[in-house]
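S.K.: PDB, C-alpha atoms and all ligand atoms, saved as final-v1.pdb, coming up:
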MODEL        1
ATOM      1  CA  MET A   1      21.056  16.161  11.746  1.00  0.00           C
ATOM      2  CA  GLU A   2      20.479  12.449  12.138  1.00  0.00           C
ATOM      3  CA  LYS A   3      22.184  10.048   9.735  1.00  0.00           C
ATOM      4  CA  LEU A   4      21.162   6.415   9.691  1.00  0.00           C
ATOM      5  CA  THR A   5      22.039   3.328   7.691  1.00  0.00           C
ATOM      6  CA  ILE A   6      19.449   2.179   5.193  1.00  0.00           C
ATOM      7  CA  GLN A   7      18.464  -0.619   7.538  1.00  0.00           C
ATOM      8  CA  ASP A   8      17.916   1.711  10.489  1.00  0.00           C
ATOM      9  CA  ALA A   9      16.168   4.301   8.341  1.00  0.00           C
ATOM     10  CA  SER A  10      13.833   1.626   7.072  1.00  0.00           C
ATOM     11  CA  ARG A  11      12.945   0.673  10.624  1.00  0.00           C
ATOM     12  CA  LYS A  12      12.472   4.235  11.747  1.00  0.00           C
ATOM     13  CA  LEU A  13      10.353   5.288   8.775  1.00  0.00           C
ATOM     14  CA  ASN A  14       8.478   2.009   8.827  1.00  0.00           C
ATOM     15  CA  ILE A  15       9.012   1.219   5.166  1.00  0.00           C
ATOM     16  CA  SER A  16      11.004  -1.517   3.455  1.00  0.00           C
ATOM     17  CA  GLN A  17      14.709  -1.137   2.693  1.00  0.00           C
ATOM     18  CA  ARG A  18      13.830  -1.380  -0.962  1.00  0.00           C
ATOM     19  CA  ASP A  19      11.557   1.631  -0.567  1.00  0.00           C
ATOM     20  CA  VAL A  20      14.313   3.558   1.200  1.00  0.00           C
ATOM     21  CA  ARG A  21      16.629   2.935  -1.775  1.00  0.00           C
ATOM     22  CA  GLU A  22      13.848   3.891  -4.140  1.00  0.00           C
ATOM     23  CA  TYR A  23      13.330   7.185  -2.284  1.00  0.00           C
ATOM     24  CA  ILE A  24      17.057   7.891  -2.376  1.00  0.00           C
ATOM     25  CA  ARG A  25      17.079   7.276  -6.110  1.00  0.00           C
ATOM     26  CA  SER A  26      14.070   9.526  -6.648  1.00  0.00           C
ATOM     27  CA  GLY A  27      15.561  12.227  -4.424  1.00  0.00           C
ATOM     28  CA  ASP A  28      12.781  12.077  -1.836  1.00  0.00           C
ATOM     29  CA  LEU A  29      15.355  11.033   0.724  1.00  0.00           C
ATOM     30  CA  LYS A  30      18.809  12.501   0.880  1.00  0.00           C
ATOM     31  CA  ALA A  31      21.741  10.200   1.458  1.00  0.00           C
ATOM     32  CA  GLU A  32      25.502  10.302   1.408  1.00  0.00           C
ATOM     33  CA  ARG A  33      28.351   7.845   1.423  1.00  0.00           C
ATOM     34  CA  ASP A  34      29.653   7.025   4.864  1.00  0.00           C
ATOM     35  CA  PRO A  35      33.257   8.317   4.861  1.00  0.00           C
ATOM     36  CA  ASN A  36      34.167   5.862   7.634  1.00  0.00           C
ATOM     37  CA  SER A  37      32.939   2.807   5.790  1.00  0.00           C
ATOM     38  CA  GLU A  38      35.256   0.714   3.633  1.00  0.00           C
ATOM     39  CA  HIS A  39      32.431  -0.335   1.401  1.00  0.00           C
ATOM     40  CA  GLY A  40      31.074   3.147   1.009  1.00  0.00           C
ATOM     41  CA  ARG A  41      27.715   2.313   2.496  1.00  0.00           C
ATOM     42  CA  TRP A  42      24.957   4.861   2.305  1.00  0.00           C
ATOM     43  CA  LEU A  43      23.772   6.928   5.200  1.00  0.00           C
ATOM     44  CA  VAL A  44      20.310   8.361   5.009  1.00  0.00           C
ATOM     45  CA  ILE A  45      20.020  11.949   6.147  1.00  0.00           C
ATOM     46  CA  MET A  46      16.831  11.716   8.118  1.00  0.00           C
ATOM     47  CA  PRO A  47      14.130  14.233   7.248  1.00  0.00           C
ATOM     48  CA  SER A  48      12.221  15.992   9.976  1.00  0.00           C
ATOM     49  CA  GLU A  49       9.107  14.123  10.967  1.00  0.00           C
ATOM     50  CA  GLY A  50       6.580  16.553   9.516  1.00  0.00           C
ATOM     51  CA  GLU A  51       8.443  16.860   6.260  1.00  0.00           C
ATOM     52  CA  TRP A  52       8.555  13.118   5.834  1.00  0.00           C
ATOM     53  CA  GLN A  53       4.917  12.539   6.760  1.00  0.00           C
ATOM     54  CA  ASP A  54       3.751  14.946   4.085  1.00  0.00           C
ATOM     55  CA  LYS A  55       5.782  13.188   1.467  1.00  0.00           C
ATOM     56  CA  PHE A  56       4.812   9.748   2.596  1.00  0.00           C
ATOM     57  CA  LYS A  57       1.148  10.622   2.771  1.00  0.00           C
ATOM     58  CA  ALA A  58       1.241  11.898  -0.791  1.00  0.00           C
ATOM     59  CA  TYR A  59       2.782   8.603  -1.787  1.00  0.00           C
ATOM     60  CA  LEU A  60       0.098   6.608   0.020  1.00  0.00           C
ATOM     61  CA  ASP A  61      -2.662   8.667  -1.529  1.00  0.00           C
ATOM     62  CA  GLU A  62      -1.196   8.038  -4.927  1.00  0.00           C
ATOM     63  CA  LEU A  63      -0.975   4.337  -4.270  1.00  0.00           C
ATOM     64  CA  ASP A  64      -4.510   4.290  -2.948  1.00  0.00           C
ATOM     65  CA  ALA A  65      -5.797   5.990  -6.064  1.00  0.00           C
ATOM     66  CA  SER A  66      -3.959   3.718  -8.420  1.00  0.00           C
ATOM     67  CA  ILE A  67      -5.121   0.304  -7.373  1.00  0.00           C
ATOM     68  CA  THR A  68      -8.454  -1.397  -7.271  1.00  0.00           C
ATOM     69  CA  ARG A  69     -10.468  -1.720  -4.119  1.00  0.00           C
ATOM     70  CA  TRP A  70     -12.261  -4.906  -5.065  1.00  0.00           C
ATOM     71  CA  TRP A  71     -10.695  -8.136  -3.894  1.00  0.00           C
ATOM     72  CA  TRP A  72     -11.477 -11.753  -3.501  1.00  0.00           C
ATOM     73  CA  ALA A  73     -11.330 -12.794   0.142  1.00  0.00           C
ATOM     74  CA  ASN A  74     -10.374 -16.379  -0.638  1.00  0.00           C
ATOM     75  CA  GLU A  75      -7.940 -18.002  -2.995  1.00  0.00           C
ATOM     76  CA  HIS A  76     -10.649 -20.053  -4.699  1.00  0.00           C
ATOM     77  CA  ARG A  77     -12.289 -16.843  -5.842  1.00  0.00           C
ATOM     78  CA  GLN A  78     -15.664 -18.018  -4.639  1.00  0.00           C
ATOM     79  CA  GLY A  79     -18.526 -16.037  -3.196  1.00  0.00           C
ATOM     80  CA  TYR A  80     -18.182 -12.289  -3.570  1.00  0.00           C
ATOM     81  CA  VAL A  81     -15.499  -9.725  -4.177  1.00  0.00           C
ATOM     82  CA  HIS A  82     -15.328  -7.230  -1.330  1.00  0.00           C
ATOM     83  CA  TYR A  83     -14.396  -3.584  -1.127  1.00  0.00           C
ATOM     84  CA  LEU A  84     -11.256  -2.644   0.743  1.00  0.00           C
ATOM     85  CA  GLU A  85     -11.481   0.924   1.969  1.00  0.00           C
ATOM     86  CA  ASN A  86      -7.878   1.379   2.985  1.00  0.00           C
ATOM     87  CA  THR A  87      -4.824  -0.275   1.619  1.00  0.00           C
ATOM     88  CA  GLY A  88      -1.743  -0.717   3.713  1.00  0.00           C
ATOM     89  CA  ILE A  89       1.687  -1.051   2.275  1.00  0.00           C
ATOM     90  CA  GLU A  90       2.903  -3.954   4.308  1.00  0.00           C
ATOM     91  CA  ASN A  91       1.317  -6.603   6.460  1.00  0.00           C
ATOM     92  CA  VAL A  92      -2.070  -5.989   4.986  1.00  0.00           C
ATOM     93  CA  GLU A  93      -4.865  -7.426   6.994  1.00  0.00           C
ATOM     94  CA  PRO A  94      -7.840  -6.702   4.849  1.00  0.00           C
ATOM     95  CA  ASN A  95     -10.782  -5.033   6.471  1.00  0.00           C
ATOM     96  CA  TYR A  96     -13.620  -4.762   4.028  1.00  0.00           C
ATOM     97  CA  LEU A  97     -16.404  -2.203   4.051  1.00  0.00           C
ATOM     98  CA  CYS A  98     -19.027  -4.792   4.937  1.00  0.00           C
ATOM     99  CA  GLY A  99     -17.028  -5.884   7.975  1.00  0.00           C
ATOM    100  CA  HIS A 100     -15.902  -9.119   6.375  1.00  0.00           C
ATOM    101  CA  ARG A 101     -12.327 -10.028   7.220  1.00  0.00           C
ATOM    102  CA  SER A 102      -9.817 -12.225   5.496  1.00  0.00           C
ATOM    103  CA  GLU A 103      -6.206 -13.072   6.001  1.00  0.00           C
ATOM    104  CA  ASN A 104      -5.127 -12.139   2.551  1.00  0.00           C
ATOM    105  CA  LEU A 105      -6.509 -10.777  -0.668  1.00  0.00           C
ATOM    106  CA  TRP A 106      -6.586 -12.009  -4.202  1.00  0.00           C
ATOM    107  CA  SER A 107      -6.862 -10.010  -7.399  1.00  0.00           C
ATOM    108  CA  SER A 108     -10.413  -9.533  -8.614  1.00  0.00           C
ATOM    109  CA  ALA A 109      -9.377  -9.045 -12.236  1.00  0.00           C
ATOM    110  CA  GLY A 110     -12.163 -10.197 -14.532  1.00  0.00           C
ATOM    111  CA  HIS A 111     -14.920 -10.334 -11.932  1.00  0.00           C
ATOM    112  CA  THR A 112     -18.507  -9.595 -12.910  1.00  0.00           C
ATOM    113  CA  ILE A 113     -20.986  -7.152 -11.408  1.00  0.00           C
ATOM    114  CA  GLU A 114     -22.966 -10.002  -9.867  1.00  0.00           C
ATOM    115  CA  GLN A 115     -19.901 -11.056  -7.935  1.00  0.00           C
ATOM    116  CA  ARG A 116     -19.683  -7.802  -6.021  1.00  0.00           C
ATOM    117  CA  CYS A 117     -20.689  -7.984  -2.364  1.00  0.00           C
ATOM    118  CA  MET A 118     -23.967  -6.067  -2.058  1.00  0.00           C
ATOM    119  CA  GLU A 119     -23.178  -4.656   1.378  1.00  0.00           C
ATOM    120  CA  CYS A 120     -19.782  -3.384   0.210  1.00  0.00           C
ATOM    121  CA  LEU A 121     -21.335  -1.907  -2.905  1.00  0.00           C
ATOM    122  CA  MET A 122     -24.016  -0.075  -0.941  1.00  0.00           C
ATOM    123  CA  GLN A 123     -21.530   1.346   1.538  1.00  0.00           C
ATOM    124  CA  ALA A 124     -19.105   2.430  -1.169  1.00  0.00           C
ATOM    125  CA  THR A 125     -21.912   4.168  -3.042  1.00  0.00           C
ATOM    126  CA  GLU A 126     -23.127   5.863   0.130  1.00  0.00           C
ATOM    127  CA  LYS A 127     -19.640   7.131   0.941  1.00  0.00           C
ATOM    128  CA  GLY A 128     -19.025   8.267  -2.607  1.00  0.00           C
ATOM    129  CA  LEU A 129     -16.005   6.010  -3.050  1.00  0.00           C
ATOM    130  CA  PRO A 130     -14.764   5.138  -6.536  1.00  0.00           C
ATOM    131  CA  LEU A 131     -16.379   1.946  -7.811  1.00  0.00           C
ATOM    132  CA  PHE A 132     -13.968   1.068 -10.611  1.00  0.00           C
ATOM    133  CA  GLU A 133     -16.771   0.252 -13.012  1.00  0.00           C
ATOM    134  CA  ASP A 134     -14.339  -0.250 -15.853  1.00  0.00           C
ATOM    135  CA  GLU A 135     -12.916  -3.339 -14.184  1.00  0.00           C
ATOM    136  CA  ILE A 136     -16.127  -5.266 -14.518  1.00  0.00           C
ATOM    137  CA  LYS A 137     -16.107  -7.907 -17.195  1.00  0.00           C
ATOM    138  CA  LYS A 138     -18.867  -7.213 -19.652  1.00  0.00           C
ATOM    139  CA  GLY A 139     -21.068  -9.753 -21.370  1.00  0.00           C
TER     140      GLY A 139
HETATM  141 ZN    ZN B 201     -18.271  -7.196   1.389  1.00  0.00          ZN
ENDMDL
END
Have the structure of the file written as C-alpha cells, please.
Ligand SMILES: [Zn+2]
M.R.:
Amino acid sequence: MEKLTIQDASRKLNISQRDVREYIRSGDLKAERDPNSEHGRWLVIMPSEGEWQDKFKAYLDELDASITRWWWANEHRQGYVHYLENTGIENVEPNYLCGHRSENLWSSAGHTIEQRCMECLMQATEKGLPLFEDEIKKG
C-alpha cells in the first residue's frame, strides 16, 4: 500500500493540494497521521488507479453538469458568448464548439439570446447538449 504526503498525492493524482484535503475530509481519500513526523503530517493512503478514476470521473461529471457552458471569450464581453463542450479543472484552455479559441473565459451571466454564437448554438443543438436556456436574460 502506497502512502504519500499531500503534496506528492496531489502531484500523482493531478489535482490541487486543496482538493486532496477536501477528499480526505469527505472520506473519498483515506489518510493517516505520519507516526514519524513531529508535526503529525498527513499521509494519503493511495487508492488503486481504477478505484480512483471512477471516483474522480463521477466528480468531473458532477462539475460538468453544474456549471454553464456559455462563456465570453474576451474580458470586454464583446462579440458572442461561445459554448465550451468540456471543462477542465485546472489550466483551462477553452476550446469552444465552433472552433474558436481563447486564453481564458469570462462569466456569461446576464447575456442575451442574440449574444450566443450561432455556430456554437447549432452544434450544441445537433449534439443534444444542454443549452441552459434559463440563463438567458429576458426582455
Ligand atoms: Zn462559438
S.K.: Could you list as a list in words every residue that has an atom within 10 Å of (21.8, 1.1, 8.0), using the file's coordinates and counting all atoms listed in the file?
M.R.: Lys3, Leu4, Thr5, Ile6, Gln7, Asp8, Ala9, Ser10, Arg11, Gln17, Arg41, Trp42, Leu43 and Val44 of chain A
S.K.: Please write the residues picked by the PyMOL selection byres (((not hetatm)) within 12 of (chain B and resi 201)) on this file as a ChimeraX atom specification.
M.R.: /A:69-73,79-85,94-102,115-124
S.K.: So, with only C-alpha atoms as the atoms that count, which of A:Glu38, A:Glu51, A:Glu32, A:Glu135 lies closest to Leu13 in chain A?
M.R.: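 For Leu13 in chain A, the nearest of the given residues is A:Glu51.
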S.K.: What separation in Å, quoted to one decimal, exists between CA of Phe132 in chain A and CA of Thr68 in chain A?
M.R.: 6.9 Å
S.K.: Can you work out the spacing between CA of Ser108 in chain A and CA of Ala58 in chain A in Å, to one decimal?
M.R.: 25.6 Å
S.K.: Let me know the residues the PyMOL selection byres (((chain A and resi 28) around 12) and not hetatm) catches in the file above, as a list of chain:residue names.
M.R.: A:Asp19, A:Val20, A:Arg21, A:Glu22, A:Tyr23, A:Ile24, A:Arg25, A:Ser26, A:Gly27, A:Leu29, A:Lys30, A:Ala31, A:Val44, A:Ile45, A:Met46, A:Pro47, A:Glu51, A:Trp52, A:Gln53, A:Asp54, A:Lys55, A:Phe56, A:Ala58, A:Tyr59
S.K.: What would range 30-53 of chain A look like with N, CA and C atoms in place, written as a PDB file, keeping the file's coordinate frame?
M.R.:
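Okay, this is what ended up in rebuild.pdb:
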ATOM      1  N   LYS A  30      17.416  12.156   1.180  1.00  0.00           N
ATOM      2  CA  LYS A  30      18.809  12.501   0.880  1.00  0.00           C
ATOM      3  C   LYS A  30      19.722  11.499   1.560  1.00  0.00           C
ATOM      4  N   ALA A  31      20.797  11.157   0.893  1.00  0.00           N
ATOM      5  CA  ALA A  31      21.741  10.200   1.458  1.00  0.00           C
ATOM      6  C   ALA A  31      23.144  10.554   1.020  1.00  0.00           C
ATOM      7  N   GLU A  32      24.104  10.084   1.796  1.00  0.00           N
ATOM      8  CA  GLU A  32      25.502  10.302   1.408  1.00  0.00           C
ATOM      9  C   GLU A  32      26.326   9.080   1.761  1.00  0.00           C
ATOM     10  N   ARG A  33      27.460   8.958   1.116  1.00  0.00           N
ATOM     11  CA  ARG A  33      28.351   7.845   1.423  1.00  0.00           C
ATOM     12  C   ARG A  33      28.965   8.059   2.799  1.00  0.00           C
ATOM     13  N   ASP A  34      29.028   6.973   3.558  1.00  0.00           N
ATOM     14  CA  ASP A  34      29.653   7.025   4.864  1.00  0.00           C
ATOM     15  C   ASP A  34      31.171   7.080   4.689  1.00  0.00           C
ATOM     16  N   PRO A  35      31.807   8.199   5.072  1.00  0.00           N
ATOM     17  CA  PRO A  35      33.257   8.317   4.861  1.00  0.00           C
ATOM     18  C   PRO A  35      34.061   7.329   5.698  1.00  0.00           C
ATOM     19  N   ASN A  36      33.454   6.792   6.759  1.00  0.00           N
ATOM     20  CA  ASN A  36      34.167   5.862   7.634  1.00  0.00           C
ATOM     21  C   ASN A  36      33.967   4.402   7.239  1.00  0.00           C
ATOM     22  N   SER A  37      33.231   4.183   6.174  1.00  0.00           N
ATOM     23  CA  SER A  37      32.939   2.807   5.790  1.00  0.00           C
ATOM     24  C   SER A  37      33.807   2.396   4.604  1.00  0.00           C
ATOM     25  N   GLU A  38      34.418   1.242   4.713  1.00  0.00           N
ATOM     26  CA  GLU A  38      35.256   0.714   3.633  1.00  0.00           C
ATOM     27  C   GLU A  38      34.455   0.498   2.363  1.00  0.00           C
ATOM     28  N   HIS A  39      33.244   0.034   2.555  1.00  0.00           N
ATOM     29  CA  HIS A  39      32.431  -0.335   1.401  1.00  0.00           C
ATOM     30  C   HIS A  39      31.602   0.831   0.879  1.00  0.00           C
ATOM     31  N   GLY A  40      31.811   1.974   1.483  1.00  0.00           N
ATOM     32  CA  GLY A  40      31.074   3.147   1.009  1.00  0.00           C
ATOM     33  C   GLY A  40      29.584   3.005   1.151  1.00  0.00           C
ATOM     34  N   ARG A  41      29.155   2.476   2.295  1.00  0.00           N
ATOM     35  CA  ARG A  41      27.715   2.313   2.496  1.00  0.00           C
ATOM     36  C   ARG A  41      27.020   3.672   2.554  1.00  0.00           C
ATOM     37  N   TRP A  42      25.743   3.631   2.314  1.00  0.00           N
ATOM     38  CA  TRP A  42      24.957   4.861   2.305  1.00  0.00           C
ATOM     39  C   TRP A  42      24.436   5.187   3.696  1.00  0.00           C
ATOM     40  N   LEU A  43      24.431   6.458   3.989  1.00  0.00           N
ATOM     41  CA  LEU A  43      23.772   6.928   5.200  1.00  0.00           C
ATOM     42  C   LEU A  43      22.618   7.830   4.778  1.00  0.00           C
ATOM     43  N   VAL A  44      21.483   7.561   5.324  1.00  0.00           N
ATOM     44  CA  VAL A  44      20.310   8.361   5.009  1.00  0.00           C
ATOM     45  C   VAL A  44      20.272   9.569   5.934  1.00  0.00           C
ATOM     46  N   ILE A  45      20.163  10.735   5.342  1.00  0.00           N
ATOM     47  CA  ILE A  45      20.020  11.949   6.147  1.00  0.00           C
ATOM     48  C   ILE A  45      18.540  12.074   6.477  1.00  0.00           C
ATOM     49  N   MET A  46      18.238  11.836   7.744  1.00  0.00           N
ATOM     50  CA  MET A  46      16.831  11.716   8.118  1.00  0.00           C
ATOM     51  C   MET A  46      16.091  13.050   8.012  1.00  0.00           C
ATOM     52  N   PRO A  47      14.948  13.015   7.344  1.00  0.00           N
ATOM     53  CA  PRO A  47      14.130  14.233   7.248  1.00  0.00           C
ATOM     54  C   PRO A  47      13.444  14.503   8.578  1.00  0.00           C
ATOM     55  N   SER A  48      12.991  15.711   8.772  1.00  0.00           N
ATOM     56  CA  SER A  48      12.221  15.992   9.976  1.00  0.00           C
ATOM     57  C   SER A  48      10.895  15.241   9.857  1.00  0.00           C
ATOM     58  N   GLU A  49      10.282  14.989  10.979  1.00  0.00           N
ATOM     59  CA  GLU A  49       9.107  14.123  10.967  1.00  0.00           C
ATOM     60  C   GLU A  49       7.970  14.670  10.097  1.00  0.00           C
ATOM     61  N   GLY A  50       7.679  15.954  10.267  1.00  0.00           N
ATOM     62  CA  GLY A  50       6.580  16.553   9.516  1.00  0.00           C
ATOM     63  C   GLY A  50       6.830  16.521   8.022  1.00  0.00           C
ATOM     64  N   GLU A  51       8.047  16.838   7.662  1.00  0.00           N
ATOM     65  CA  GLU A  51       8.443  16.860   6.260  1.00  0.00           C
ATOM     66  C   GLU A  51       8.242  15.486   5.624  1.00  0.00           C
ATOM     67  N   TRP A  52       8.651  14.473   6.352  1.00  0.00           N
ATOM     68  CA  TRP A  52       8.555  13.118   5.834  1.00  0.00           C
ATOM     69  C   TRP A  52       7.096  12.657   5.725  1.00  0.00           C
ATOM     70  N   GLN A  53       6.316  12.979   6.759  1.00  0.00           N
ATOM     71  CA  GLN A  53       4.917  12.539   6.760  1.00  0.00           C
ATOM     72  C   GLN A  53       4.154  13.087   5.569  1.00  0.00           C
TER      73      GLN A  53
END
